Amino acid sequence: MSAQASLKGQSESLKKIPIVSHIITDDGASLSKGIALKPIDMNRVAKLLTDPHSDQLFERHIHALRRIADRYKNGFFLKDLVQVFKILNVCADRISSQDCYIEPMCSLLRICGLPFLKEKTSDETVFAQIVVESIAQMGYLMRVPNGTVRSALADAIISLYCNPPEVSEILQGLRPTSHKYNKHMIEMSDVAETLIKSLTLLGGNLKIKLKIMEVLQKLSSDSEENCKQMLKSDAAYHICCHMNASDQSGFLLFISVEILWNLLEFGGQEVSHQLANLECVNALKQAFKELMVSGCSNYEKQLRNDLLVITTLVAQNLDSPIVETGFAKQLILFATFSEVKSHNPLVKSLKLMQSHEDFELKKLLINMLELLSRDPAAIQLLSDGKVLLSLFHYVKANGTKKLPREWSPAQFEELQLYAMSALSRLAVLLVEDYVTCQGNTRLLLLLEWCVSETKFEGHGNSFHGSGGRGNKKAQMRFCLRLLNAIVSSGNEATAQDLCDQGVISQLLNILQNFFVESDDAMDVEMQCDMLYILSTLCESDIHRKELFGRQACPRNMHNLILGCLLELCENPKTIAHIHTWRGTNDVTAPHLLIHLWREEEKRIGSLRDENGAIADVASPISGEMQRVHAVAPQSSSAASLSIVDVSENLRAKVFALFTRLGFSDLPGLTTEDYVTLAIIEKYLDFKLGEVWSEISNELPVEGVRPTTPDQEAMDTITRAIVERGKGVSMLQAELLEAESQQDLHDEKQFYVEVKENHKQREKSIESWNDYVKRTSNYRHLVNCKKQQDKSIESSRAKPRYKDQAKKLAAMFHETLLKKLHTTTFQGRNITVESTPNALTGISERLPQENSALLA
């Protein structure tokens, strides 16, 4: 019993242990329902279909095809693809005459949509070319004039491209090709190009056309190779031209837009080139207009925006006929109707809400306006459409409260930035419209609001709003960009209007007060824009330069500007330009530099008397901080106050500039300037003295006693510095004394001039009195006549010889006429009496005088 029990137990244990067979038979590789995978000779089936003796046995053909479909319902082996597609091509050629082949052919196409099966891992590489050609044959089967076959073919391509193999097939022992491999094989084939060409064969069969479009949408969704294959057959042109075909569902337009979007994403410039023609632009225009006017659902609004994006990409091609088709005028109307009233029936009942789709549409339309400005033919359309007036609607201070049927504060801010970005280009092209819209006034008001203390929480959501979160910097940034564009345009009228409205003082005030301590990239950009605007406005106008000069250079900029001048002076040619420069009231550069020195000494508290001379020869250039600072031990790396003073004020740079300009023969200097210049010339010596003085004071505090030679050297240096200070003080006293003596001399000269002026006045009064006396007193007149005769006689020359006297006597003429009744007797002036005798005497005497003169 025990032996039988043990045998029974062993038999039961053997039944529980699975037996693994290392040889796979047909039964072991059976399918799910127990059907043995017995291979079918494809060559015999192909011969059955093509042999002249059996080509009319249709029932046998259908039976054989059904057997193949039933036997390989989980997929065809890679090695059988050649025979499979040979059989499919035979069926395709016979469908036009025999409808019985439709059903088995569709069954075989369904199997072709399954992953292919491989016997070895290397089959994917070995049969790769066969797979590519087989998939290409699938596309060629679109020539079959049957909707059922074409629909089955489309489903097969979608299934092969999109559906990965099921896990159950792998568990059953089948090894299908991978999903990645199938996609790659389709990309290597020209099936996408063939499907585009087949669209012309479909005619008015909308159902099949939508099916093929769905295949194209799948193929182009994530494959650059498929898109390139489609573009070889002008896919963008064909799809765009036919997207407005009659379709109640609207699916054709939707899927056409999807394909165009995919092509634009992967195809680049080739797509816009194919769409840049009258047919495509008209199709885009029609589709966009219908969706813009009648689109209500969220889906239709999204489709409308997609069409506008495609139009935007097409408009980037300057050859696109956007203007010629009237699309540009239509886009301008849609972009401005909400801000500018229009009687056009297209926008009569059109309204934009605060929805995301309408908001995106508005941004796209503003961007489209900027693109249209690149075409010179569209400039007049932009002017007629009052584009600038529409965009300036957003150039205003942002309100915190939302008005009815307007954008939310965040949306308004983003549209505002988009509008100002577009205005930076459009305003330069439409200067007259800019002036009409009072653009300068609006910009300056917005700029004033940007720097005001009004609390405003900027949202900073958009691309243009970067850096503007919680502040108004984004608005200021684009406002300055727009001003920069206007000023750079070279229009003198707008520039003058800006200056008249005080843009120079406004920008200078912002530069001085708004950017106190900031090194942010956006702040630096805005400062550069403001400086460029100011430099452009003041470049060729003296009056504007004067306005700029009164405020443009605050004290914190002096050090930087002097540093720049000092570097420029490394070039010897710069010195002549500095000497030539003249400021207001003919101020010279040396006078200005000395003025800066005096202002700096007032600021730091240097000791000077009422004439600007040295007041303390022991510390001639020390400031108040240096004098009151207590001496304390410092580390060797710490800078002393004397050294810190060099970098904290302008005096070192002024001294360095004078070392290049020279200290003599400087134009435009006063005595006060020369007094200060004496200190500037010895600045380096005085600064060395300060350093040695600090060393001398620090040594006792640190408990260090210098050696006797060192102490003597330090004492000598101290005495030398004091002597040098005394020398400068004496020179200043001499200069002041010389000025005093010169002033005294000038005062004396002034009084001499005053005295001479009084003498001349007295002579003129005396001459007038004498004239009055001669005309009113006869006796005085007689006396004056006698004196005049004596004067005339004394003025005549006295001849030395008698013959000369005789000759002169013959030529002598009386100076007075006889029988003259007048008080005028100057020289030869003759007053003729109104009597005949007087005239007769003159007429008789004139010939005698003339003859004497001739002799």
# chains A, B, ... in the order shown; residues from 1 in each chain; ligands from 1
>>> residues_around(residues="Asn556 of chain A", least_positions_apart="3", cutoff="12 Å", atoms="only C-alpha atoms", output="list in words")
Leu511, Gln512, Asn513, Val516, Glu517, Ala552, Cys553, Asn559, Leu560, Ile561, Leu562, Glu600, Glu648, Asn649 and Leu650 of chain A
>>> write_last_selection(atoms="N, CA and C atoms", output="mmCIF file, in the first residue's frame")
data_model
loop_
_atom_site.group_PDB
_atom_site.id
_atom_site.type_symbol
_atom_site.label_atom_id
_atom_site.label_comp_id
_atom_site.auth_asym_id
_atom_site.auth_seq_id
_atom_site.Cartn_x
_atom_site.Cartn_y
_atom_site.Cartn_z
ATOM 1 N N LEU A 511 14.768 112.010 -14.546
ATOM 2 C CA LEU A 511 16.134 111.497 -14.406
ATOM 3 C C LEU A 511 16.719 111.817 -13.036
ATOM 4 N N GLN A 512 16.359 112.981 -12.500
ATOM 5 C CA GLN A 512 16.928 113.392 -11.222
ATOM 6 C C GLN A 512 16.247 112.733 -10.030
ATOM 7 N N ASN A 513 14.957 112.494 -10.131
ATOM 8 C CA ASN A 513 14.199 112.082 -8.950
ATOM 9 C C ASN A 513 13.684 110.650 -8.996
ATOM 10 N N VAL A 516 16.711 107.027 -8.460
ATOM 11 C CA VAL A 516 17.665 107.443 -7.430
ATOM 12 C C VAL A 516 18.754 106.402 -7.265
ATOM 13 N N GLU A 517 18.358 105.207 -6.896
ATOM 14 C CA GLU A 517 19.323 104.117 -6.716
ATOM 15 C C GLU A 517 18.744 102.874 -7.367
ATOM 16 N N ALA A 552 20.216 119.761 -16.714
ATOM 17 C CA ALA A 552 20.577 118.388 -17.175
ATOM 18 C C ALA A 552 21.663 117.743 -16.381
ATOM 19 N N CYS A 553 22.497 118.534 -15.664
ATOM 20 C CA CYS A 553 23.686 117.993 -15.003
ATOM 21 C C CYS A 553 23.602 118.207 -13.500
ATOM 22 N N ASN A 559 30.896 114.312 -11.183
ATOM 23 C CA ASN A 559 32.092 113.463 -11.063
ATOM 24 C C ASN A 559 32.248 112.568 -12.277
ATOM 25 N N LEU A 560 31.125 112.001 -12.735
ATOM 26 C CA LEU A 560 31.161 111.109 -13.893
ATOM 27 C C LEU A 560 31.549 111.865 -15.163
ATOM 28 N N ILE A 561 30.977 113.052 -15.348
ATOM 29 C CA ILE A 561 31.266 113.817 -16.564
ATOM 30 C C ILE A 561 32.720 114.286 -16.579
ATOM 31 N N LEU A 562 33.230 114.730 -15.425
ATOM 32 C CA LEU A 562 34.638 115.130 -15.376
ATOM 33 C C LEU A 562 35.561 113.949 -15.649
ATOM 34 N N GLU A 600 32.678 122.942 -4.697
ATOM 35 C CA GLU A 600 33.020 121.716 -3.979
ATOM 36 C C GLU A 600 33.661 122.038 -2.629
ATOM 37 N N GLU A 648 35.943 111.133 -3.189
ATOM 38 C CA GLU A 648 34.596 111.561 -2.824
ATOM 39 C C GLU A 648 34.221 112.946 -3.345
ATOM 40 N N ASN A 649 35.163 113.706 -3.889
ATOM 41 C CA ASN A 649 34.836 115.012 -4.441
ATOM 42 C C ASN A 649 35.541 115.212 -5.767
ATOM 43 N N LEU A 650 35.294 116.386 -6.371
ATOM 44 C CA LEU A 650 35.731 116.638 -7.736
ATOM 45 C C LEU A 650 37.120 117.240 -7.841
#
>>> residues_around(residues="segment 630-635 of chain A", least_positions_apart="3", cutoff="8 Å", atoms="only C-alpha atoms", output="list in words")
Ala638, Asn697, Glu698, Val701 and Glu702 of chain A
>>> closest_residue(among="A:Leu388, A:Ala613, A:Val323, A:Leu361", to="Leu736 of chain A", atoms="only C-alpha atoms")
A:Ala613
>>> atom_distance(atom1="atom CA of Gly623 of chain A", atom2="atom CA of Asp645 of chain A")
8.6 Å
>>> residues_around(residues="Asn205 of chain A", least_positions_apart="4", cutoff="9 Å", atoms="only C-alpha atoms", output="list in words")
Gly147, Lys209 and Leu210 of chain A
>>> residues_around(residues="segment 244-256 of chain A", least_positions_apart="3", cutoff="12 Å", atoms="only C-alpha atoms", output="PDB file with N, CA and C atoms, in the first residue's frame")
ATOM      1  N   GLY A 203     -13.860  64.746 -55.880  1.00  0.00           N
ATOM      2  CA  GLY A 203     -15.035  65.445 -56.403  1.00  0.00           C
ATOM      3  C   GLY A 203     -15.853  66.054 -55.275  1.00  0.00           C
ATOM      4  N   GLY A 204     -17.169  65.803 -55.304  1.00  0.00           N
ATOM      5  CA  GLY A 204     -18.049  66.386 -54.295  1.00  0.00           C
ATOM      6  C   GLY A 204     -18.384  65.454 -53.158  1.00  0.00           C
ATOM      7  N   ASN A 205     -17.672  64.361 -53.025  1.00  0.00           N
ATOM      8  CA  ASN A 205     -17.913  63.404 -51.947  1.00  0.00           C
ATOM      9  C   ASN A 205     -17.366  63.980 -50.651  1.00  0.00           C
ATOM     10  N   LEU A 206     -18.209  64.719 -49.922  1.00  0.00           N
ATOM     11  CA  LEU A 206     -17.755  65.423 -48.720  1.00  0.00           C
ATOM     12  C   LEU A 206     -17.344  64.457 -47.621  1.00  0.00           C
ATOM     13  N   LYS A 207     -18.057  63.324 -47.496  1.00  0.00           N
ATOM     14  CA  LYS A 207     -17.760  62.381 -46.421  1.00  0.00           C
ATOM     15  C   LYS A 207     -16.356  61.813 -46.555  1.00  0.00           C
ATOM     16  N   ILE A 208     -16.002  61.365 -47.750  1.00  0.00           N
ATOM     17  CA  ILE A 208     -14.670  60.806 -47.961  1.00  0.00           C
ATOM     18  C   ILE A 208     -13.608  61.902 -47.865  1.00  0.00           C
ATOM     19  N   LYS A 209     -13.958  63.068 -48.337  1.00  0.00           N
ATOM     20  CA  LYS A 209     -13.006  64.179 -48.253  1.00  0.00           C
ATOM     21  C   LYS A 209     -12.670  64.500 -46.807  1.00  0.00           C
ATOM     22  N   LEU A 210     -13.686  64.512 -45.936  1.00  0.00           N
ATOM     23  CA  LEU A 210     -13.433  64.746 -44.517  1.00  0.00           C
ATOM     24  C   LEU A 210     -12.593  63.631 -43.919  1.00  0.00           C
ATOM     25  N   LYS A 211     -12.804  62.415 -44.405  1.00  0.00           N
ATOM     26  CA  LYS A 211     -12.028  61.277 -43.912  1.00  0.00           C
ATOM     27  C   LYS A 211     -10.551  61.436 -44.271  1.00  0.00           C
ATOM     28  N   ILE A 212     -10.298  61.807 -45.513  1.00  0.00           N
ATOM     29  CA  ILE A 212      -8.913  62.003 -45.946  1.00  0.00           C
ATOM     30  C   ILE A 212      -8.285  63.191 -45.215  1.00  0.00           C
ATOM     31  N   MET A 213      -9.061  64.250 -45.000  1.00  0.00           N
ATOM     32  CA  MET A 213      -8.550  65.405 -44.264  1.00  0.00           C
ATOM     33  C   MET A 213      -8.192  65.029 -42.832  1.00  0.00           C
ATOM     34  N   GLU A 214      -8.980  64.129 -42.262  1.00  0.00           N
ATOM     35  CA  GLU A 214      -8.662  63.654 -40.914  1.00  0.00           C
ATOM     36  C   GLU A 214      -7.338  62.909 -40.904  1.00  0.00           C
ATOM     37  N   VAL A 215      -7.105  62.098 -41.949  1.00  0.00           N
ATOM     38  CA  VAL A 215      -5.818  61.390 -42.049  1.00  0.00           C
ATOM     39  C   VAL A 215      -4.675  62.397 -42.152  1.00  0.00           C
ATOM     40  N   LEU A 216      -4.842  63.411 -42.990  1.00  0.00           N
ATOM     41  CA  LEU A 216      -3.797  64.415 -43.152  1.00  0.00           C
ATOM     42  C   LEU A 216      -3.548  65.185 -41.860  1.00  0.00           C
ATOM     43  N   GLN A 217      -4.633  65.417 -41.120  1.00  0.00           N
ATOM     44  CA  GLN A 217      -4.468  66.118 -39.835  1.00  0.00           C
ATOM     45  C   GLN A 217      -3.647  65.276 -38.865  1.00  0.00           C
ATOM     46  N   LYS A 218      -3.900  63.963 -38.840  1.00  0.00           N
ATOM     47  CA  LYS A 218      -3.126  63.078 -37.970  1.00  0.00           C
ATOM     48  C   LYS A 218      -1.670  63.011 -38.403  1.00  0.00           C
ATOM     49  N   SER A 220       0.103  65.204 -40.007  1.00  0.00           N
ATOM     50  CA  SER A 220       0.840  66.465 -39.878  1.00  0.00           C
ATOM     51  C   SER A 220       0.914  66.991 -38.455  1.00  0.00           C
ATOM     52  N   SER A 221       0.282  66.293 -37.527  1.00  0.00           N
ATOM     53  CA  SER A 221       0.167  66.832 -36.169  1.00  0.00           C
ATOM     54  C   SER A 221       1.504  66.904 -35.447  1.00  0.00           C
ATOM     55  N   ALA A 235       0.276  71.376 -50.501  1.00  0.00           N
ATOM     56  CA  ALA A 235      -0.819  71.048 -49.591  1.00  0.00           C
ATOM     57  C   ALA A 235      -1.497  72.301 -49.054  1.00  0.00           C
ATOM     58  N   ALA A 236      -0.692  73.308 -48.663  1.00  0.00           N
ATOM     59  CA  ALA A 236      -1.277  74.518 -48.080  1.00  0.00           C
ATOM     60  C   ALA A 236      -2.210  75.204 -49.079  1.00  0.00           C
ATOM     61  N   TYR A 237      -1.801  75.292 -50.321  1.00  0.00           N
ATOM     62  CA  TYR A 237      -2.629  75.938 -51.344  1.00  0.00           C
ATOM     63  C   TYR A 237      -3.941  75.187 -51.545  1.00  0.00           C
ATOM     64  N   HIS A 238      -3.882  73.859 -51.740  1.00  0.00           N
ATOM     65  CA  HIS A 238      -5.082  73.079 -52.029  1.00  0.00           C
ATOM     66  C   HIS A 238      -6.058  73.090 -50.848  1.00  0.00           C
ATOM     67  N   ILE A 239      -5.527  72.944 -49.648  1.00  0.00           N
ATOM     68  CA  ILE A 239      -6.396  72.884 -48.470  1.00  0.00           C
ATOM     69  C   ILE A 239      -7.057  74.233 -48.227  1.00  0.00           C
ATOM     70  N   CYS A 240      -6.292  75.320 -48.369  1.00  0.00           N
ATOM     71  CA  CYS A 240      -6.844  76.658 -48.109  1.00  0.00           C
ATOM     72  C   CYS A 240      -7.899  77.026 -49.146  1.00  0.00           C
ATOM     73  N   CYS A 241      -7.665  76.668 -50.384  1.00  0.00           N
ATOM     74  CA  CYS A 241      -8.606  77.044 -51.445  1.00  0.00           C
ATOM     75  C   CYS A 241      -9.956  76.351 -51.298  1.00  0.00           C
ATOM     76  N   ILE A 259      -4.858  71.574 -40.138  1.00  0.00           N
ATOM     77  CA  ILE A 259      -3.771  71.133 -41.028  1.00  0.00           C
ATOM     78  C   ILE A 259      -2.872  72.314 -41.385  1.00  0.00           C
ATOM     79  N   LEU A 260      -3.476  73.452 -41.705  1.00  0.00           N
ATOM     80  CA  LEU A 260      -2.677  74.633 -42.026  1.00  0.00           C
ATOM     81  C   LEU A 260      -1.813  75.053 -40.845  1.00  0.00           C
ATOM     82  N   TRP A 261      -2.376  74.955 -39.664  1.00  0.00           N
ATOM     83  CA  TRP A 261      -1.609  75.299 -38.460  1.00  0.00           C
ATOM     84  C   TRP A 261      -0.411  74.369 -38.300  1.00  0.00           C
ATOM     85  N   ASN A 262      -0.631  73.057 -38.516  1.00  0.00           N
ATOM     86  CA  ASN A 262       0.474  72.100 -38.420  1.00  0.00           C
ATOM     87  C   ASN A 262       1.532  72.364 -39.480  1.00  0.00           C
ATOM     88  N   LEU A 263       1.085  72.683 -40.678  1.00  0.00           N
ATOM     89  CA  LEU A 263       2.040  72.956 -41.748  1.00  0.00           C
ATOM     90  C   LEU A 263       2.861  74.205 -41.459  1.00  0.00           C
ATOM     91  N   GLU A 279      -6.163  83.451 -54.492  1.00  0.00           N
ATOM     92  CA  GLU A 279      -7.153  82.444 -54.123  1.00  0.00           C
ATOM     93  C   GLU A 279      -7.135  82.155 -52.629  1.00  0.00           C
ATOM     94  N   CYS A 280      -5.942  81.952 -52.081  1.00  0.00           N
ATOM     95  CA  CYS A 280      -5.848  81.608 -50.659  1.00  0.00           C
ATOM     96  C   CYS A 280      -6.230  82.784 -49.770  1.00  0.00           C
ATOM     97  N   ASN A 282      -8.195  85.277 -50.478  1.00  0.00           N
ATOM     98  CA  ASN A 282      -9.649  85.444 -50.550  1.00  0.00           C
ATOM     99  C   ASN A 282     -10.377  84.400 -49.711  1.00  0.00           C
ATOM    100  N   ALA A 283      -9.853  83.148 -49.708  1.00  0.00           N
ATOM    101  CA  ALA A 283     -10.471  82.106 -48.883  1.00  0.00           C
ATOM    102  C   ALA A 283     -10.349  82.448 -47.403  1.00  0.00           C
ATOM    103  N   LEU A 284      -9.165  82.915 -46.996  1.00  0.00           N
ATOM    104  CA  LEU A 284      -8.982  83.321 -45.600  1.00  0.00           C
ATOM    105  C   LEU A 284      -9.880  84.496 -45.253  1.00  0.00           C
ATOM    106  N   LYS A 285     -10.012  85.438 -46.172  1.00  0.00           N
ATOM    107  CA  LYS A 285     -10.863  86.599 -45.939  1.00  0.00           C
ATOM    108  C   LYS A 285     -12.316  86.185 -45.737  1.00  0.00           C
ATOM    109  N   GLN A 286     -12.806  85.306 -46.609  1.00  0.00           N
ATOM    110  CA  GLN A 286     -14.199  84.874 -46.517  1.00  0.00           C
ATOM    111  C   GLN A 286     -14.461  84.119 -45.225  1.00  0.00           C
ATOM    112  N   ALA A 287     -13.571  83.185 -44.892  1.00  0.00           N
ATOM    113  CA  ALA A 287     -13.771  82.391 -43.682  1.00  0.00           C
ATOM    114  C   ALA A 287     -13.729  83.263 -42.435  1.00  0.00           C
ATOM    115  N   PHE A 288     -12.763  84.197 -42.370  1.00  0.00           N
ATOM    116  CA  PHE A 288     -12.632  85.051 -41.188  1.00  0.00           C
ATOM    117  C   PHE A 288     -13.842  85.978 -41.049  1.00  0.00           C
ATOM    118  N   LYS A 289     -14.313  86.519 -42.172  1.00  0.00           N
ATOM    119  CA  LYS A 289     -15.467  87.421 -42.109  1.00  0.00           C
ATOM    120  C   LYS A 289     -16.699  86.694 -41.593  1.00  0.00           C
ATOM    121  N   GLU A 290     -16.949  85.469 -42.087  1.00  0.00           N
ATOM    122  CA  GLU A 290     -18.123  84.720 -41.647  1.00  0.00           C
ATOM    123  C   GLU A 290     -18.049  84.415 -40.154  1.00  0.00           C
ATOM    124  N   LEU A 291     -16.886  83.999 -39.693  1.00  0.00           N
ATOM    125  CA  LEU A 291     -16.760  83.675 -38.268  1.00  0.00           C
ATOM    126  C   LEU A 291     -16.787  84.932 -37.412  1.00  0.00           C
ATOM    127  N   GLY A 295     -20.039  84.181 -35.828  1.00  0.00           N
ATOM    128  CA  GLY A 295     -19.556  83.227 -34.831  1.00  0.00           C
ATOM    129  C   GLY A 295     -19.955  83.625 -33.425  1.00  0.00           C
ATOM    130  N   TYR A 299     -16.195  77.670 -29.574  1.00  0.00           N
ATOM    131  CA  TYR A 299     -15.483  76.921 -30.613  1.00  0.00           C
ATOM    132  C   TYR A 299     -15.277  77.785 -31.851  1.00  0.00           C
ATOM    133  N   GLU A 300     -16.286  78.510 -32.285  1.00  0.00           N
ATOM    134  CA  GLU A 300     -16.185  79.354 -33.469  1.00  0.00           C
ATOM    135  C   GLU A 300     -15.228  80.529 -33.239  1.00  0.00           C
ATOM    136  N   LYS A 301     -15.222  81.056 -32.035  1.00  0.00           N
ATOM    137  CA  LYS A 301     -14.310  82.154 -31.737  1.00  0.00           C
ATOM    138  C   LYS A 301     -12.860  81.683 -31.720  1.00  0.00           C
ATOM    139  N   GLN A 302     -12.636  80.480 -31.206  1.00  0.00           N
ATOM    140  CA  GLN A 302     -11.285  79.931 -31.256  1.00  0.00           C
ATOM    141  C   GLN A 302     -10.831  79.706 -32.689  1.00  0.00           C
ATOM    142  N   LEU A 303     -11.737  79.192 -33.527  1.00  0.00           N
ATOM    143  CA  LEU A 303     -11.420  78.978 -34.929  1.00  0.00           C
ATOM    144  C   LEU A 303     -11.150  80.299 -35.633  1.00  0.00           C
ATOM    145  N   ARG A 304     -11.904  81.332 -35.283  1.00  0.00           N
ATOM    146  CA  ARG A 304     -11.684  82.669 -35.836  1.00  0.00           C
ATOM    147  C   ARG A 304     -10.293  83.188 -35.486  1.00  0.00           C
ATOM    148  N   ASN A 305      -9.886  83.013 -34.254  1.00  0.00           N
ATOM    149  CA  ASN A 305      -8.561  83.463 -33.835  1.00  0.00           C
ATOM    150  C   ASN A 305      -7.459  82.682 -34.533  1.00  0.00           C
ATOM    151  N   ASP A 306      -7.692  81.358 -34.732  1.00  0.00           N
ATOM    152  CA  ASP A 306      -6.694  80.561 -35.453  1.00  0.00           C
ATOM    153  C   ASP A 306      -6.528  81.053 -36.881  1.00  0.00           C
ATOM    154  N   LEU A 307      -7.627  81.401 -37.517  1.00  0.00           N
ATOM    155  CA  LEU A 307      -7.546  81.941 -38.874  1.00  0.00           C
ATOM    156  C   LEU A 307      -6.773  83.259 -38.901  1.00  0.00           C
ATOM    157  N   ILE A 310      -3.085  82.532 -38.697  1.00  0.00           N
ATOM    158  CA  ILE A 310      -2.584  82.104 -40.004  1.00  0.00           C
ATOM    159  C   ILE A 310      -2.442  83.300 -40.935  1.00  0.00           C
TER     160      ILE A 310
END
>>> residues_around(residues="Glu539 of chain A", least_positions_apart="4", cutoff="12 Å", atoms="only C-alpha atoms", output="short mmCIF file (atom, residue, chain, number, x, y, z; two decimals) with N, CA, C and O atoms, in the first residue's frame")
data_model
loop_
_atom_site.label_atom_id
_atom_site.label_comp_id
_atom_site.auth_asym_id
_atom_site.auth_seq_id
_atom_site.Cartn_x
_atom_site.Cartn_y
_atom_site.Cartn_z
N VAL A 487 10.72 111.40 -31.87
CA VAL A 487 11.84 112.32 -31.96
C VAL A 487 12.83 111.88 -33.03
O VAL A 487 13.40 112.70 -33.76
N SER A 488 13.03 110.57 -33.16
CA SER A 488 13.98 110.05 -34.16
C SER A 488 13.48 110.17 -35.58
O SER A 488 14.26 110.01 -36.52
N GLY A 490 12.65 112.73 -37.14
CA GLY A 490 13.19 113.92 -37.79
C GLY A 490 12.16 114.97 -38.13
O GLY A 490 12.49 115.94 -38.82
N ALA A 495 8.78 117.75 -32.90
CA ALA A 495 9.84 117.97 -31.91
C ALA A 495 9.66 119.33 -31.22
O ALA A 495 9.81 119.45 -29.99
N LEU A 531 17.82 109.93 -22.23
CA LEU A 531 19.01 110.68 -22.62
C LEU A 531 19.11 110.82 -24.13
O LEU A 531 19.53 111.86 -24.65
N TYR A 532 18.70 109.77 -24.85
CA TYR A 532 18.73 109.85 -26.31
C TYR A 532 17.71 110.88 -26.82
O TYR A 532 18.00 111.64 -27.74
N ILE A 533 16.53 110.88 -26.21
CA ILE A 533 15.51 111.87 -26.60
C ILE A 533 16.03 113.28 -26.37
O ILE A 533 15.92 114.17 -27.24
N LEU A 534 16.63 113.51 -25.22
CA LEU A 534 17.14 114.85 -24.91
C LEU A 534 18.28 115.24 -25.85
O LEU A 534 18.33 116.38 -26.32
N SER A 535 19.17 114.31 -26.13
CA SER A 535 20.29 114.64 -27.02
C SER A 535 19.81 114.92 -28.43
O SER A 535 20.33 115.81 -29.11
N HIS A 543 18.77 127.16 -28.15
CA HIS A 543 17.82 127.46 -27.08
C HIS A 543 17.50 126.21 -26.26
O HIS A 543 17.43 126.26 -25.03
N ARG A 544 17.31 125.09 -26.95
CA ARG A 544 17.03 123.84 -26.23
C ARG A 544 18.25 123.40 -25.42
O ARG A 544 18.10 122.84 -24.32
N LYS A 545 19.43 123.65 -25.94
CA LYS A 545 20.63 123.32 -25.16
C LYS A 545 20.69 124.14 -23.88
O LYS A 545 21.11 123.64 -22.84
N GLU A 546 20.26 125.39 -23.97
CA GLU A 546 20.24 126.23 -22.76
C GLU A 546 19.23 125.69 -21.75
O GLU A 546 19.51 125.65 -20.55
N PHE A 548 18.31 122.64 -21.53
CA PHE A 548 18.88 121.39 -21.03
C PHE A 548 19.99 121.66 -20.02
O PHE A 548 20.11 120.98 -19.01
#
>>> atom_distance(atom1="atom CA of Met368 of chain A", atom2="atom CA of Leu415 of chain A")
13.6 Å
>>> residues_around(residues="Gly267 of chain A", least_positions_apart="2", cutoff="10 Å", atoms="only C-alpha atoms", output="list in words")
Glu224, Glu225, Asn226, Cys227, Lys228, Gln229, Met230, Leu231, Ala236, Leu260, Trp261, Asn262, Leu263, Leu264, Glu265, Gln269, Glu270, Val271 and Ser272 of chain A
>>> write_last_selection(atoms="C-alpha atoms", output="mmCIF file, in the first residue's frame")
data_model
loop_
_atom_site.group_PDB
_atom_site.id
_atom_site.type_symbol
_atom_site.label_atom_id
_atom_site.label_comp_id
_atom_site.auth_asym_id
_atom_site.auth_seq_id
_atom_site.Cartn_x
_atom_site.Cartn_y
_atom_site.Cartn_z
ATOM 1 C CA GLU A 224 8.007 67.402 -39.761
ATOM 2 C CA GLU A 225 8.740 64.814 -42.443
ATOM 3 C CA ASN A 226 5.072 64.309 -43.242
ATOM 4 C CA CYS A 227 4.565 68.072 -43.486
ATOM 5 C CA LYS A 228 7.438 68.374 -45.913
ATOM 6 C CA GLN A 229 5.985 65.540 -48.007
ATOM 7 C CA MET A 230 2.606 67.279 -48.051
ATOM 8 C CA LEU A 231 4.106 70.631 -49.039
ATOM 9 C CA ALA A 236 -1.277 74.518 -48.080
ATOM 10 C CA LEU A 260 -2.677 74.633 -42.026
ATOM 11 C CA TRP A 261 -1.609 75.299 -38.460
ATOM 12 C CA ASN A 262 0.474 72.100 -38.420
ATOM 13 C CA LEU A 263 2.040 72.956 -41.748
ATOM 14 C CA LEU A 264 2.948 76.440 -40.544
ATOM 15 C CA GLU A 265 4.486 75.000 -37.413
ATOM 16 C CA GLN A 269 8.306 79.998 -44.976
ATOM 17 C CA GLU A 270 7.219 77.524 -47.643
ATOM 18 C CA VAL A 271 3.672 77.516 -46.242
ATOM 19 C CA SER A 272 3.332 81.311 -46.285
#
>>> residues_around(residues="Ala419 of chain A", least_positions_apart="6", cutoff="12 Å", atoms="only C-alpha atoms", output="ChimeraX atom specification")
/A:335-336,362-370,387-396,412-413,425-427,464,475,478-479,482
>>> closest_residue(among="A:Asn74, A:Ser373, A:Ser294, A:Asn440", to="Ile322 of chain A", atoms="only C-alpha atoms")
A:Ser373
>>> closest_residue(among="A:Ala378, A:Lys79, A:Met714, A:Leu88", to="Gln129 of chain A", atoms="only C-alpha atoms")
A:Lys79
>>> decode(residues="segment 729-738 of chain A", atoms="C-alpha atoms", output="short mmCIF file (atom, residue, chain, number, x, y, z; two decimals), in the first residue's frame")
data_model
loop_
_atom_site.label_atom_id
_atom_site.label_comp_id
_atom_site.auth_asym_id
_atom_site.auth_seq_id
_atom_site.Cartn_x
_atom_site.Cartn_y
_atom_site.Cartn_z
CA SER A 729 48.89 132.87 0.41
CA MET A 730 51.40 135.62 -0.48
CA LEU A 731 50.75 135.07 -4.20
CA GLN A 732 47.02 135.41 -3.57
CA ALA A 733 47.61 138.62 -1.60
CA GLU A 734 49.67 140.03 -4.48
CA LEU A 735 46.95 139.15 -6.94
CA LEU A 736 44.33 140.86 -4.80
CA GLU A 737 46.58 143.93 -4.33
CA ALA A 738 47.20 144.11 -8.07
#
